[in-house]
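Structure, as structure tokens:
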Amino acid sequence: MAKVLIPTPLRQYAGNQKEVEVAGSTVGEILTTLTSDFADLRKHLYTDEGKLRSFVNVYLNDDDVRYLDKDKTPAAPSDTLSIVPSIAGGSR
Amino acid sequence: MSTVAAPGTTAAPVTLTNEELQRYSRHLILPEVGPEGQLKLKNAKVLLVGTGGLGAPMALYLAAAGVGTLGLVDFDVVDRSNLQRQVIHGTGDIGRKKIDSAAASIAEINPNVRVIKHEVALTSENALDILKDYDIVADGTDNFPTRYLVNDACVLLGKPNVYGSIFRFEGQASVFATKDAPCYRCLYPEPPPPGLVPSCAEGGVLGILPGVVGLIQATEVVKLILGQGEPLKGRLLLYDALAMRFRELKLRKNPDCPVCGTHPTVTKLIDYHQFCGVPKTTEVPQVASGDIDPVEVKARLDRGDDFQLIDVREVFEHQICNIPQAKLIPLGELPRRLSEIDPTREVVVHCKMGGRSAKAADLLRASGYSKVLNMTGGILAWSDKVDRTVPKY
């Protein structure tokens, strides 16, 4: 079971949990399981075409999966997956 | 724009005054700073985009540290709800232009600092001209269009973009757009669609959080000026205040990045509102009845569109909750206070639920106001759709 860290803006779609243990041997499997457990999370992570949204990044430990093997990146139970969406706050 | 002089017009000072030697003594005895580093700080020109949550601590500390020229971009006015985190402004500054309040605080902390005021909204038209004379740009804005604008302008001009962003209890920081480092678009090629990611005004923010993140930005600014340490380039620092944990993620320069990649497609500034899916005022479908949704009113306020927001509720209602930018003219007083509303500019009226403001809109139209819109659902809808911190009553 890999650990998935859910960022604040998306916690409301993941049962208000900040981290979730999810089974799966690749990044894609883990995210598929995660988003079937939390259906609301799916539309925030994926486009209608099933592509990871371009304002949401997924990191396996400290590496962006875009520069690894994307969905096919192997993930070990000891790995941590971070979902990092863009946030814009700063001024008001 | 109230810019008095371009930041590049003064000759670089070559010495520190006796006052400065005393003031910066704790820097001068640091081998990494010393008199030479302090002169670098004195000769540095840093542009702070926004003097809000992130800009406030940056401006205070960069001024204290002796950064010689600080440019400030802001057109907002100090509101009481800002004071929980925007520590450069005080209670007595409520209603004052943020840029003036910030300049006064800086002058009090360090009169050696030259403040250049850019009292404008940063746009594709003015950004390159404003940014070009500065060495470093620090992004403390609160919306996606401006963040992409700042990023692209920095890439095009080859200026480091010291980035910070916050949401509730979490912050992000990085140094973008240096020659060898990724830019904001390498991290996030596209913004989220409007409304999907709430702003601080909608989602709230721990007041101390921008202090921490803003000072990480200030630290990076000073390091870049001094040429000391390891800049936060190619790394995204994540800060979680509740867990009190810092994490670091690797960022890579995207060879296909539309602005800093090997074959850039963005070679000049674009329409960032369109890019971010935020419609421009002219493209907003005008409902025949003259209605406007609170979300659109918010978007217009955030963009700095030119219009007058009038709250026609009673004084006691205004005390319970209000939209800071709105001017209070209770419906009963409206007929005799028309002189306070400019008929040549657009007017948006609101009340608690939309009924009284519909009457006010009719009254204004009958009085010769041609551009009048009624905010549907009043401040209760505003509370639901825009800012859940606005109490319902």
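Order determines the names: the first chain of the structure tokens is A, the second B, and so forth; residues in each chain are numbered 1 upward, and ligands are numbered 1 upward as they are shown.
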
(request) Find the residues of chain B in contact range of chain A, meaning any atom within 6 Å when counting only C-alpha atoms, and list them as a PyMOL selection string. (result) chain B and resi 52-54+140-144+165-167+188-192+199-200+249-250

Okay, now the selection with N, CA and C atoms, as a PDB file, in the first residue's frame?
```
ATOM      1  N   GLY B  52       0.160  42.515  -0.648  1.00  0.00           N
ATOM      2  CA  GLY B  52      -0.789  41.858   0.242  1.00  0.00           C
ATOM      3  C   GLY B  52      -0.099  40.896   1.176  1.00  0.00           C
ATOM      4  N   GLY B  53      -0.670  39.708   1.299  1.00  0.00           N
ATOM      5  CA  GLY B  53      -0.184  38.731   2.261  1.00  0.00           C
ATOM      6  C   GLY B  53       1.282  38.390   2.085  1.00  0.00           C
ATOM      7  N   LEU B  54       1.690  38.119   0.858  1.00  0.00           N
ATOM      8  CA  LEU B  54       3.089  37.763   0.592  1.00  0.00           C
ATOM      9  C   LEU B  54       3.950  39.011   0.439  1.00  0.00           C
ATOM     10  N   GLY B 140       3.774  38.011  -5.672  1.00  0.00           N
ATOM     11  CA  GLY B 140       2.906  37.847  -4.507  1.00  0.00           C
ATOM     12  C   GLY B 140       1.460  38.126  -4.879  1.00  0.00           C
ATOM     13  N   THR B 141       1.083  37.707  -6.082  1.00  0.00           N
ATOM     14  CA  THR B 141      -0.273  38.000  -6.541  1.00  0.00           C
ATOM     15  C   THR B 141      -1.246  36.950  -6.034  1.00  0.00           C
ATOM     16  N   ASP B 142      -2.497  37.108  -6.389  1.00  0.00           N
ATOM     17  CA  ASP B 142      -3.514  36.227  -5.829  1.00  0.00           C
ATOM     18  C   ASP B 142      -4.388  35.593  -6.895  1.00  0.00           C
ATOM     19  N   ASN B 143      -3.935  35.632  -8.143  1.00  0.00           N
ATOM     20  CA  ASN B 143      -4.799  35.063  -9.179  1.00  0.00           C
ATOM     21  C   ASN B 143      -3.958  34.474 -10.300  1.00  0.00           C
ATOM     22  N   PHE B 144      -4.550  33.520 -10.993  1.00  0.00           N
ATOM     23  CA  PHE B 144      -3.803  32.805 -12.030  1.00  0.00           C
ATOM     24  C   PHE B 144      -3.407  33.675 -13.228  1.00  0.00           C
ATOM     25  N   SER B 165       3.110  31.030  -3.165  1.00  0.00           N
ATOM     26  CA  SER B 165       1.662  30.931  -3.285  1.00  0.00           C
ATOM     27  C   SER B 165       1.128  30.230  -2.046  1.00  0.00           C
ATOM     28  N   ILE B 166      -0.083  30.606  -1.650  1.00  0.00           N
ATOM     29  CA  ILE B 166      -0.616  30.073  -0.392  1.00  0.00           C
ATOM     30  C   ILE B 166      -2.070  29.673  -0.531  1.00  0.00           C
ATOM     31  N   PHE B 167      -2.474  28.750   0.300  1.00  0.00           N
ATOM     32  CA  PHE B 167      -3.877  28.360   0.377  1.00  0.00           C
ATOM     33  C   PHE B 167      -4.145  27.743   1.748  1.00  0.00           C
ATOM     34  N   TYR B 188       3.306  24.050 -14.082  1.00  0.00           N
ATOM     35  CA  TYR B 188       1.890  23.957 -14.414  1.00  0.00           C
ATOM     36  C   TYR B 188       1.665  24.589 -15.780  1.00  0.00           C
ATOM     37  N   PRO B 189       1.606  23.756 -16.832  1.00  0.00           N
ATOM     38  CA  PRO B 189       1.451  24.317 -18.182  1.00  0.00           C
ATOM     39  C   PRO B 189       0.193  25.174 -18.336  1.00  0.00           C
ATOM     40  N   GLU B 190      -0.858  24.777 -17.623  1.00  0.00           N
ATOM     41  CA  GLU B 190      -2.116  25.505 -17.761  1.00  0.00           C
ATOM     42  C   GLU B 190      -2.749  25.730 -16.402  1.00  0.00           C
ATOM     43  N   PRO B 191      -3.529  26.800 -16.301  1.00  0.00           N
ATOM     44  CA  PRO B 191      -4.223  27.067 -15.036  1.00  0.00           C
ATOM     45  C   PRO B 191      -5.475  26.210 -14.909  1.00  0.00           C
ATOM     46  N   PRO B 192      -5.985  26.068 -13.688  1.00  0.00           N
ATOM     47  CA  PRO B 192      -7.265  25.386 -13.531  1.00  0.00           C
ATOM     48  C   PRO B 192      -8.383  26.255 -14.099  1.00  0.00           C
ATOM     49  N   SER B 199      -9.874  30.866  -4.206  1.00  0.00           N
ATOM     50  CA  SER B 199      -8.856  31.842  -3.809  1.00  0.00           C
ATOM     51  C   SER B 199      -8.833  31.930  -2.284  1.00  0.00           C
ATOM     52  N   CYS B 200      -7.892  32.718  -1.750  1.00  0.00           N
ATOM     53  CA  CYS B 200      -7.827  32.895  -0.295  1.00  0.00           C
ATOM     54  C   CYS B 200      -9.117  33.503   0.236  1.00  0.00           C
ATOM     55  N   LEU B 249      10.124  19.153  -3.765  1.00  0.00           N
ATOM     56  CA  LEU B 249       9.931  18.329  -4.958  1.00  0.00           C
ATOM     57  C   LEU B 249      10.867  18.827  -6.049  1.00  0.00           C
ATOM     58  N   LYS B 250      11.289  17.897  -6.898  1.00  0.00           N
ATOM     59  CA  LYS B 250      12.180  18.286  -7.997  1.00  0.00           C
ATOM     60  C   LYS B 250      11.370  18.877  -9.143  1.00  0.00           C
TER      61      LYS B 250
END
```

(request) Apply DSSP to the structure's backbone, then extract all residues of stretch 32-73 of chain A labelled helix (DSSP H, G or I) and return them as a VMD selection string. (result) chain A and resid 32 to 37 39 to 45 65 to 67 70 to 72

Generate a file of the selected residues that holds N, CA and C atoms, formatted as an mmCIF file, in the first residue's frame.
```cif
data_model
loop_
_atom_site.group_PDB
_atom_site.id
_atom_site.type_symbol
_atom_site.label_atom_id
_atom_site.label_comp_id
_atom_site.auth_asym_id
_atom_site.auth_seq_id
_atom_site.Cartn_x
_atom_site.Cartn_y
_atom_site.Cartn_z
ATOM 1 N N THR A 32 -6.028 5.111 -10.078
ATOM 2 C CA THR A 32 -7.316 4.549 -10.501
ATOM 3 C C THR A 32 -8.093 4.047 -9.295
ATOM 4 N N THR A 33 -7.397 3.322 -8.416
ATOM 5 C CA THR A 33 -8.053 2.837 -7.201
ATOM 6 C C THR A 33 -8.517 4.008 -6.333
ATOM 7 N N LEU A 34 -7.633 4.978 -6.186
ATOM 8 C CA LEU A 34 -7.970 6.146 -5.356
ATOM 9 C C LEU A 34 -9.213 6.845 -5.881
ATOM 10 N N THR A 35 -9.263 7.057 -7.198
ATOM 11 C CA THR A 35 -10.377 7.821 -7.748
ATOM 12 C C THR A 35 -11.635 6.975 -7.906
ATOM 13 N N SER A 36 -11.517 5.652 -7.790
ATOM 14 C CA SER A 36 -12.769 4.886 -7.745
ATOM 15 C C SER A 36 -13.296 4.835 -6.319
ATOM 16 N N ASP A 37 -12.380 4.909 -5.341
ATOM 17 C CA ASP A 37 -12.826 5.035 -3.948
ATOM 18 C C ASP A 37 -13.460 6.411 -3.710
ATOM 19 N N ALA A 39 -14.953 9.109 -5.977
ATOM 20 C CA ALA A 39 -15.350 9.457 -7.346
ATOM 21 C C ALA A 39 -15.238 10.965 -7.599
ATOM 22 N N ASP A 40 -15.533 11.781 -6.575
ATOM 23 C CA ASP A 40 -15.478 13.237 -6.754
ATOM 24 C C ASP A 40 -14.060 13.705 -7.075
ATOM 25 N N LEU A 41 -13.105 12.961 -6.555
ATOM 26 C CA LEU A 41 -11.711 13.337 -6.770
ATOM 27 C C LEU A 41 -11.338 13.190 -8.241
ATOM 28 N N ARG A 42 -12.004 12.244 -8.891
ATOM 29 C CA ARG A 42 -11.637 11.912 -10.268
ATOM 30 C C ARG A 42 -11.711 13.134 -11.196
ATOM 31 N N LYS A 43 -12.826 13.875 -11.090
ATOM 32 C CA LYS A 43 -12.973 14.981 -12.036
ATOM 33 C C LYS A 43 -12.007 16.134 -11.722
ATOM 34 N N HIS A 44 -11.469 16.121 -10.518
ATOM 35 C CA HIS A 44 -10.476 17.147 -10.196
ATOM 36 C C HIS A 44 -9.074 16.735 -10.630
ATOM 37 N N LEU A 45 -8.881 15.455 -10.853
ATOM 38 C CA LEU A 45 -7.555 14.981 -11.256
ATOM 39 C C LEU A 45 -7.457 14.724 -12.753
ATOM 40 N N VAL A 65 6.002 12.534 -11.967
ATOM 41 C CA VAL A 65 5.820 11.312 -12.761
ATOM 42 C C VAL A 65 5.814 11.598 -14.265
ATOM 43 N N ARG A 66 5.593 12.877 -14.645
ATOM 44 C CA ARG A 66 5.672 13.235 -16.070
ATOM 45 C C ARG A 66 7.052 12.922 -16.629
ATOM 46 N N TYR A 67 8.069 13.019 -15.745
ATOM 47 C CA TYR A 67 9.442 12.800 -16.203
ATOM 48 C C TYR A 67 9.933 11.393 -15.841
ATOM 49 N N LYS A 70 5.291 8.201 -16.288
ATOM 50 C CA LYS A 70 3.894 8.629 -16.134
ATOM 51 C C LYS A 70 3.069 7.587 -15.386
ATOM 52 N N ASP A 71 1.902 7.222 -15.939
ATOM 53 C CA ASP A 71 1.020 6.263 -15.265
ATOM 54 C C ASP A 71 1.668 4.901 -15.045
ATOM 55 N N LYS A 72 2.617 4.586 -15.902
ATOM 56 C CA LYS A 72 3.229 3.254 -15.823
ATOM 57 C C LYS A 72 4.385 3.196 -14.826
#
```

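Within stretch 28-66 of chain A, DSSP run on the backbone puts these residues in strand (DSSP E): Val56, Asn57, Val58, Tyr59, Leu60, Asp63 and Asp64 of chain A.
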
(request) With a distance cut-off of 6 Å and only C-alpha atoms, select the neighbouring residues of B:Ser174, excluding the residue or stretch itself and same-chain residues fewer than 5 positions from it, and output the selection as a list in words. (result) Tyr163, Leu232 and Leu236 of chain B

(message) Set the distance at 8 Å and use only C-alpha atoms: which residues neighbour stretch 36-48 of chain B once local chain neighbours fewer than 4 positions away are removed? I'd like the list as a PyMOL selection string.
(response) chain B and resi 7+12-16+24+27-28+32+55+58-59+65-73+131+133-140+222+225-226

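By only C-alpha atoms, and with residues fewer than 2 positions from A:Ala2 along its chain excluded, the set lying at most 10 Å from it is Val4, Leu5, Val20, Glu21, Val22, Ala23, Gly24, Ser25, Thr26, Val27, Ile30, Leu60, Ala75, Ala76, Pro77, Ser78, Asp79, Thr80 and Leu81 of chain A.
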
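In this structure, atom CA of B:Phe169 sits 16.6 Å away from atom CA of B:Asn82.
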